[in-house]
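*Asks:* Please find target-v4.pdb (PDB, C-alpha atoms) on the next line:
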```
ATOM      1  CA  MET U   1      98.601 -71.961-124.346  1.00  0.00           C
ATOM      2  CA  MET U   2      94.839 -72.373-124.322  1.00  0.00           C
ATOM      3  CA  PHE U   3      93.126 -72.262-127.697  1.00  0.00           C
ATOM      4  CA  LYS U   4      89.379 -71.664-128.081  1.00  0.00           C
ATOM      5  CA  PRO U   5      88.832 -72.225-131.801  1.00  0.00           C
ATOM      6  CA  ILE U   6      85.058 -72.509-131.472  1.00  0.00           C
ATOM      7  CA  GLY U   7      84.651 -69.645-128.993  1.00  0.00           C
ATOM      8  CA  PRO U   8      81.602 -69.989-126.736  1.00  0.00           C
ATOM      9  CA  VAL U   9      79.667 -72.326-129.068  1.00  0.00           C
ATOM     10  CA  CYS U  10      78.420 -75.274-127.017  1.00  0.00           C
ATOM     11  CA  ASN U  11      75.764 -77.954-127.198  1.00  0.00           C
ATOM     12  CA  LEU U  12      74.954 -77.491-123.500  1.00  0.00           C
ATOM     13  CA  GLY U  13      73.388 -74.635-121.585  1.00  0.00           C
ATOM     14  CA  CYS U  14      75.038 -74.943-118.175  1.00  0.00           C
ATOM     15  CA  SER U  15      73.422 -72.425-115.851  1.00  0.00           C
ATOM     16  CA  TYR U  16      76.726 -71.281-114.331  1.00  0.00           C
ATOM     17  CA  CYS U  17      78.657 -70.965-117.594  1.00  0.00           C
ATOM     18  CA  TYR U  18      80.692 -67.768-117.663  1.00  0.00           C
ATOM     19  CA  TYR U  19      81.018 -67.991-121.433  1.00  0.00           C
ATOM     20  CA  LEU U  20      77.365 -68.067-122.522  1.00  0.00           C
ATOM     21  CA  ASP U  21      76.944 -64.323-122.115  1.00  0.00           C
ATOM     22  CA  LYS U  22      79.938 -63.806-124.446  1.00  0.00           C
ATOM     23  CA  ALA U  23      78.221 -65.579-127.350  1.00  0.00           C
ATOM     24  CA  SER U  24      77.009 -62.275-128.786  1.00  0.00           C
ATOM     25  CA  LEU U  25      80.657 -61.296-129.344  1.00  0.00           C
ATOM     26  CA  PHE U  26      81.108 -64.175-131.800  1.00  0.00           C
ATOM     27  CA  ASP U  27      79.479 -65.154-135.065  1.00  0.00           C
ATOM     28  CA  GLU U  28      78.355 -68.715-134.401  1.00  0.00           C
ATOM     29  CA  HIS U  29      77.972 -69.372-138.112  1.00  0.00           C
ATOM     30  CA  SER U  30      81.443 -68.245-139.205  1.00  0.00           C
ATOM     31  CA  PRO U  31      83.609 -71.193-140.186  1.00  0.00           C
ATOM     32  CA  LEU U  32      86.915 -71.671-138.426  1.00  0.00           C
ATOM     33  CA  GLN U  33      89.547 -69.806-140.393  1.00  0.00           C
ATOM     34  CA  LEU U  34      92.051 -72.588-141.030  1.00  0.00           C
ATOM     35  CA  ASP U  35      94.565 -70.191-142.563  1.00  0.00           C
ATOM     36  CA  LEU U  36      94.591 -68.163-139.347  1.00  0.00           C
ATOM     37  CA  LEU U  37      94.765 -71.321-137.247  1.00  0.00           C
ATOM     38  CA  GLU U  38      97.709 -72.542-139.337  1.00  0.00           C
ATOM     39  CA  LYS U  39      99.525 -69.251-138.781  1.00  0.00           C
ATOM     40  CA  VAL U  40      98.934 -69.452-135.015  1.00  0.00           C
ATOM     41  CA  ILE U  41     100.075 -73.095-134.818  1.00  0.00           C
ATOM     42  CA  LYS U  42     103.181 -72.417-136.919  1.00  0.00           C
ATOM     43  CA  GLU U  43     104.205 -69.349-134.921  1.00  0.00           C
ATOM     44  CA  TYR U  44     103.435 -70.947-131.554  1.00  0.00           C
ATOM     45  CA  ILE U  45     105.734 -73.855-132.396  1.00  0.00           C
ATOM     46  CA  GLU U  46     108.460 -71.651-133.895  1.00  0.00           C
ATOM     47  CA  LEU U  47     108.495 -69.175-131.008  1.00  0.00           C
ATOM     48  CA  ASN U  48     108.435 -71.806-128.279  1.00  0.00           C
ATOM     49  CA  ASP U  49     111.930 -72.634-126.975  1.00  0.00           C
ATOM     50  CA  SER U  50     110.781 -75.835-125.318  1.00  0.00           C
ATOM     51  CA  GLU U  51     111.220 -79.228-126.961  1.00  0.00           C
ATOM     52  CA  GLN U  52     107.778 -80.165-125.629  1.00  0.00           C
ATOM     53  CA  ILE U  53     104.847 -78.057-126.702  1.00  0.00           C
ATOM     54  CA  VAL U  54     101.307 -78.394-125.360  1.00  0.00           C
ATOM     55  CA  PHE U  55      98.208 -77.235-127.190  1.00  0.00           C
ATOM     56  CA  ASP U  56      95.251 -76.973-124.831  1.00  0.00           C
ATOM     57  CA  TRP U  57      91.909 -76.977-126.720  1.00  0.00           C
ATOM     58  CA  HIS U  58      88.849 -75.499-124.996  1.00  0.00           C
ATOM     59  CA  GLY U  59      85.504 -74.025-125.956  1.00  0.00           C
ATOM     60  CA  GLY U  60      82.506 -73.812-125.631  1.00  0.00           C
ATOM     61  CA  GLU U  61      82.567 -77.414-126.777  1.00  0.00           C
ATOM     62  CA  PRO U  62      85.600 -78.074-129.001  1.00  0.00           C
ATOM     63  CA  LEU U  63      84.232 -81.403-130.294  1.00  0.00           C
ATOM     64  CA  LEU U  64      81.691 -79.319-132.228  1.00  0.00           C
ATOM     65  CA  LEU U  65      84.610 -78.523-134.551  1.00  0.00           C
ATOM     66  CA  GLY U  66      84.181 -82.064-135.837  1.00  0.00           C
ATOM     67  CA  LEU U  67      86.736 -84.807-136.145  1.00  0.00           C
ATOM     68  CA  ASP U  68      87.845 -83.752-139.636  1.00  0.00           C
ATOM     69  CA  CYS U  69      88.796 -80.308-138.350  1.00  0.00           C
ATOM     70  CA  ILE U  70      90.652 -81.739-135.350  1.00  0.00           C
ATOM     71  CA  LYS U  71      92.543 -84.035-137.727  1.00  0.00           C
ATOM     72  CA  LYS U  72      93.527 -80.976-139.795  1.00  0.00           C
ATOM     73  CA  ILE U  73      94.825 -79.324-136.623  1.00  0.00           C
ATOM     74  CA  VAL U  74      97.037 -82.328-135.845  1.00  0.00           C
ATOM     75  CA  ASN U  75      98.244 -82.407-139.452  1.00  0.00           C
ATOM     76  CA  LEU U  76      99.219 -78.730-139.178  1.00  0.00           C
ATOM     77  CA  GLN U  77     101.071 -79.419-135.944  1.00  0.00           C
ATOM     78  CA  ASN U  78     102.959 -82.251-137.628  1.00  0.00           C
ATOM     79  CA  LYS U  79     103.755 -80.018-140.600  1.00  0.00           C
ATOM     80  CA  TYR U  80     105.558 -77.472-138.375  1.00  0.00           C
ATOM     81  CA  ARG U  81     106.788 -79.589-135.431  1.00  0.00           C
ATOM     82  CA  ARG U  82     110.343 -80.166-136.680  1.00  0.00           C
ATOM     83  CA  ASP U  83     112.097 -82.056-133.860  1.00  0.00           C
ATOM     84  CA  LYS U  84     109.701 -80.884-131.151  1.00  0.00           C
ATOM     85  CA  HIS U  85     107.260 -83.108-129.287  1.00  0.00           C
ATOM     86  CA  ILE U  86     103.664 -81.935-129.571  1.00  0.00           C
ATOM     87  CA  TYR U  87     101.048 -82.810-126.959  1.00  0.00           C
ATOM     88  CA  ASN U  88      97.348 -82.019-127.086  1.00  0.00           C
ATOM     89  CA  THR U  89      94.792 -81.716-124.341  1.00  0.00           C
ATOM     90  CA  ILE U  90      91.131 -81.138-125.009  1.00  0.00           C
ATOM     91  CA  GLN U  91      88.436 -80.148-122.515  1.00  0.00           C
ATOM     92  CA  THR U  92      85.015 -81.545-123.364  1.00  0.00           C
ATOM     93  CA  ASN U  93      81.627 -82.170-121.827  1.00  0.00           C
ATOM     94  CA  ALA U  94      81.990 -85.678-123.349  1.00  0.00           C
ATOM     95  CA  THR U  95      78.432 -85.807-124.690  1.00  0.00           C
ATOM     96  CA  LEU U  96      79.637 -85.961-128.308  1.00  0.00           C
ATOM     97  CA  LEU U  97      82.362 -88.567-127.835  1.00  0.00           C
ATOM     98  CA  ASP U  98      82.039 -91.551-130.131  1.00  0.00           C
ATOM     99  CA  ASP U  99      84.254 -94.403-131.343  1.00  0.00           C
ATOM    100  CA  ASP U 100      85.905 -92.261-134.010  1.00  0.00           C
ATOM    101  CA  PHE U 101      86.849 -89.470-131.607  1.00  0.00           C
ATOM    102  CA  ALA U 102      88.060 -91.916-128.957  1.00  0.00           C
ATOM    103  CA  LEU U 103      90.201 -93.897-131.398  1.00  0.00           C
ATOM    104  CA  PHE U 104      91.710 -90.703-132.826  1.00  0.00           C
ATOM    105  CA  PHE U 105      92.494 -89.378-129.343  1.00  0.00           C
ATOM    106  CA  LYS U 106      94.164 -92.670-128.447  1.00  0.00           C
ATOM    107  CA  GLU U 107      96.198 -92.837-131.655  1.00  0.00           C
ATOM    108  CA  ASN U 108      97.322 -89.223-131.246  1.00  0.00           C
ATOM    109  CA  ASN U 109      98.026 -89.331-127.516  1.00  0.00           C
ATOM    110  CA  PHE U 110      95.490 -86.679-126.499  1.00  0.00           C
ATOM    111  CA  LEU U 111      94.798 -86.084-122.826  1.00  0.00           C
ATOM    112  CA  VAL U 112      91.045 -85.575-122.587  1.00  0.00           C
ATOM    113  CA  GLY U 113      89.559 -83.448-119.818  1.00  0.00           C
ATOM    114  CA  ILE U 114      85.978 -84.365-118.931  1.00  0.00           C
ATOM    115  CA  SER U 115      83.709 -81.722-117.414  1.00  0.00           C
ATOM    116  CA  ILE U 116      81.656 -83.536-114.791  1.00  0.00           C
ATOM    117  CA  ASP U 117      80.424 -82.187-111.476  1.00  0.00           C
ATOM    118  CA  GLY U 118      79.828 -85.372-109.484  1.00  0.00           C
ATOM    119  CA  PRO U 119      77.007 -87.889-109.302  1.00  0.00           C
ATOM    120  CA  ALA U 120      73.925 -87.385-111.466  1.00  0.00           C
ATOM    121  CA  ASP U 121      71.874 -85.364-108.974  1.00  0.00           C
ATOM    122  CA  ILE U 122      74.704 -82.845-108.512  1.00  0.00           C
ATOM    123  CA  HIS U 123      75.930 -82.786-112.112  1.00  0.00           C
ATOM    124  CA  ASP U 124      72.454 -82.438-113.634  1.00  0.00           C
ATOM    125  CA  LYS U 125      71.498 -79.555-111.357  1.00  0.00           C
ATOM    126  CA  PHE U 126      73.546 -77.136-113.501  1.00  0.00           C
ATOM    127  CA  ARG U 127      74.846 -79.059-116.550  1.00  0.00           C
ATOM    128  CA  LYS U 128      71.819 -79.385-118.808  1.00  0.00           C
ATOM    129  CA  ASP U 129      71.511 -79.414-122.566  1.00  0.00           C
ATOM    130  CA  LYS U 130      69.969 -76.491-124.466  1.00  0.00           C
ATOM    131  CA  GLY U 131      66.517 -78.011-123.931  1.00  0.00           C
ATOM    132  CA  GLY U 132      66.985 -78.188-120.145  1.00  0.00           C
ATOM    133  CA  ASN U 133      67.521 -81.950-120.120  1.00  0.00           C
ATOM    134  CA  PRO U 134      70.052 -83.694-117.848  1.00  0.00           C
ATOM    135  CA  THR U 135      73.420 -84.666-119.339  1.00  0.00           C
ATOM    136  CA  PHE U 136      75.018 -86.977-116.759  1.00  0.00           C
ATOM    137  CA  MET U 137      74.234 -90.219-118.607  1.00  0.00           C
ATOM    138  CA  LYS U 138      75.596 -88.826-121.896  1.00  0.00           C
ATOM    139  CA  VAL U 139      78.789 -87.761-120.113  1.00  0.00           C
ATOM    140  CA  MET U 140      79.153 -91.228-118.603  1.00  0.00           C
ATOM    141  CA  ARG U 141      78.733 -92.814-122.057  1.00  0.00           C
ATOM    142  CA  GLY U 142      81.601 -90.596-123.185  1.00  0.00           C
ATOM    143  CA  VAL U 143      83.713 -91.688-120.215  1.00  0.00           C
ATOM    144  CA  GLU U 144      82.954 -95.345-121.041  1.00  0.00           C
ATOM    145  CA  MET U 145      84.087 -94.686-124.617  1.00  0.00           C
ATOM    146  CA  LEU U 146      87.424 -93.357-123.363  1.00  0.00           C
ATOM    147  CA  HIS U 147      87.822 -96.420-121.143  1.00  0.00           C
ATOM    148  CA  ARG U 148      87.065 -98.708-124.090  1.00  0.00           C
ATOM    149  CA  TYR U 149      89.943 -97.198-126.093  1.00  0.00           C
ATOM    150  CA  ALA U 150      92.250 -96.667-123.075  1.00  0.00           C
ATOM    151  CA  VAL U 151      92.402 -92.908-123.672  1.00  0.00           C
ATOM    152  CA  ASP U 152      94.063 -90.943-120.887  1.00  0.00           C
ATOM    153  CA  PHE U 153      91.632 -88.537-119.270  1.00  0.00           C
ATOM    154  CA  ASN U 154      91.075 -86.441-116.184  1.00  0.00           C
ATOM    155  CA  THR U 155      88.108 -84.529-114.845  1.00  0.00           C
ATOM    156  CA  LEU U 156      87.263 -80.901-114.288  1.00  0.00           C
ATOM    157  CA  THR U 157      84.627 -80.354-111.636  1.00  0.00           C
ATOM    158  CA  THR U 158      82.799 -77.183-110.778  1.00  0.00           C
ATOM    159  CA  ILE U 159      82.221 -77.128-107.049  1.00  0.00           C
ATOM    160  CA  SER U 160      78.873 -75.744-105.960  1.00  0.00           C
ATOM    161  CA  LYS U 161      76.540 -75.649-103.017  1.00  0.00           C
ATOM    162  CA  ALA U 162      74.775 -78.665-104.552  1.00  0.00           C
ATOM    163  CA  GLY U 163      77.692 -80.848-103.458  1.00  0.00           C
ATOM    164  CA  GLU U 164      78.070 -79.346-100.003  1.00  0.00           C
ATOM    165  CA  GLY U 165      78.814 -82.075 -97.472  1.00  0.00           C
ATOM    166  CA  ARG U 166      79.200 -84.636-100.266  1.00  0.00           C
ATOM    167  CA  GLY U 167      82.879 -84.316-101.083  1.00  0.00           C
ATOM    168  CA  ALA U 168      83.421 -88.078-101.150  1.00  0.00           C
ATOM    169  CA  ASP U 169      80.491 -88.513-103.574  1.00  0.00           C
ATOM    170  CA  VAL U 170      81.806 -85.792-105.853  1.00  0.00           C
TER     171      VAL U 170
END
```
Using structure tokens, write down the structure that the file contains.

*Replies:*
Amino acid sequence: MMFKPIGPVCNLGCSYCYYLDKASLFDEHSPLQLDLLEKVIKEYIELNDSEQIVFDWHGGEPLLLGLDCIKKIVNLQNKYRRDKHIYNTIQTNATLLDDDFALFFKENNFLVGISIDGPADIHDKFRKDKGGNPTFMKVMRGVEMLHRYAVDFNTLTTISKAGEGRGADV
């Protein structure tokens, strides 16, 4: 199941984002309702017949929840897991990754998905911050952080005309 606990809130302003126009449907300043999240986590675990349960965290940018909130989520999962194995994946633009996040993801066996569209000239064409600045170097710092802590990760790439004829580069 995919969870979007922060809705469309993001620190980037990617020009092709399908979620930016949904921001008006959400109150960006409302805190995450942990009691509701606890209910969802508890029921998702209880109703799932599988011994292995995957929580897939997306956004916007889920790292904007903050590490303390993500720790609370894992604590809630552990509270209700019983004999089930819980796995977490999180999709991020990687610009907010730091030592604390990377260490926590390693210690808690998260699979981290990195949103990156290819080399800098392709990636930065569409994936800019809210001020219109390129983000490729910040993403690569996040990737380096995951390497430093040996965190498992994969990539999610949006294919566009900008990469046409450059499949090997992408």

*Asks:* Set the distance at 9 Å and use only C-alpha atoms: which residues neighbour Phe55 of chain U once local chain neighbours fewer than 2 positions away are removed? I'd like the list as a PyMOL selection string.

*Replies:* chain U and resi 1-3+41+53+57+86-90

*Asks:* Could you turn the residues from that selection into a file that holds C-alpha atoms, as a short mmCIF file (atom, residue, chain, number, x, y, z; two decimals), in the frame of the given file?

*Replies:*
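As written to disk, selection22.cif reads:
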```cif
data_model
loop_
_atom_site.label_atom_id
_atom_site.label_comp_id
_atom_site.auth_asym_id
_atom_site.auth_seq_id
_atom_site.Cartn_x
_atom_site.Cartn_y
_atom_site.Cartn_z
CA MET U 1 98.60 -71.96 -124.35
CA MET U 2 94.84 -72.37 -124.32
CA PHE U 3 93.13 -72.26 -127.70
CA ILE U 41 100.08 -73.10 -134.82
CA ILE U 53 104.85 -78.06 -126.70
CA TRP U 57 91.91 -76.98 -126.72
CA ILE U 86 103.66 -81.94 -129.57
CA TYR U 87 101.05 -82.81 -126.96
CA ASN U 88 97.35 -82.02 -127.09
CA THR U 89 94.79 -81.72 -124.34
CA ILE U 90 91.13 -81.14 -125.01
#
```

*Asks:* Please list as a count of residues only every residue within 12 Å of Asn75 of chain U, counting all atoms listed in the file and excluding residues in the same chain fewer than 4 positions away.

*Replies:* 14

*Asks:* With only C-alpha atoms as the atoms that count, which of U:Leu146, U:Val170, U:Leu63, U:Ile116 lies nearest to Cys14 of chain U?

*Replies:* U:Ile116

*Asks:* Tell me which of U:Glu43, U:Lys4, U:Asp35, U:Asp83 sits closest to Leu64 of chain U, counting all atoms listed in the file.

*Replies:*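 That would be U:Lys4, the residue with the smallest distance to Leu64 of chain U.
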
*Asks:* For each of U:Gly132, U:Asn109, U:Lys138, U:Lys125, take the minimum atom-to-atom distance to Lys161 of chain U, counting all atoms listed in the file, then give the residue where this is smallest.

*Replies:* U:Lys125

*Asks:* Report the distance between atom CA of Pro119 of chain U and atom CA of Glu61 of chain U in Å, rounded to one decimal place.

*Replies:*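 Atom-to-atom, atom CA of Pro119 of chain U and atom CA of Glu61 of chain U are spaced 21.1 Å apart.
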
*Asks:* Have a look at U:Glu144, U:Gly131, U:Asn48, U:Pro8 and name the one nearest to Asp99 of chain U; count all atoms listed in the file.

*Replies:*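 Going through U:Glu144, U:Gly131, U:Asn48, U:Pro8 one by one, the smallest distance to Asp99 of chain U is for U:Glu144.
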
*Asks:* To one decimal in Å, tell me the separation between atom CA of Asp169 of chain U and atom CA of Tyr149 of chain U.

*Replies:*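 Computed distance, atom CA of Asp169 of chain U to atom CA of Tyr149 of chain U, equals 25.9 Å.
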
*Asks:* I need the residue set behind the PyMOL selection byres ((chain U and resi 145) around 12) for this file; please write it as JSON, numbers by chain.

*Replies:* {"U": [94, 95, 96, 97, 98, 99, 100, 101, 102, 103, 104, 105, 106, 112, 114, 138, 139, 140, 141, 142, 143, 144, 146, 147, 148, 149, 150, 151, 152, 153]}

*Asks:* Would you please work out which residue, of U:Gly59, U:Gly7, U:Gly66, U:Gly118, is nearest to Thr92 of chain U when using all atoms listed in the file?

*Replies:* U:Gly59

*Asks:* I'd like the contact shell of Ala120 of chain U - 8 Å cut-off, only C-alpha atoms, skipping same-chain residues fewer than 3 positions apart - returned as an MDAnalysis selection string.

*Replies:* chainID U and resid 123:124 136:137

*Asks:* Atom CA of Lys130 of chain U and atom CA of Asn11 of chain U, how far apart in Å?

*Replies:*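 So the two atoms, atom CA of Asn11 of chain U and atom CA of Lys130 of chain U, lie 6.6 Å apart.
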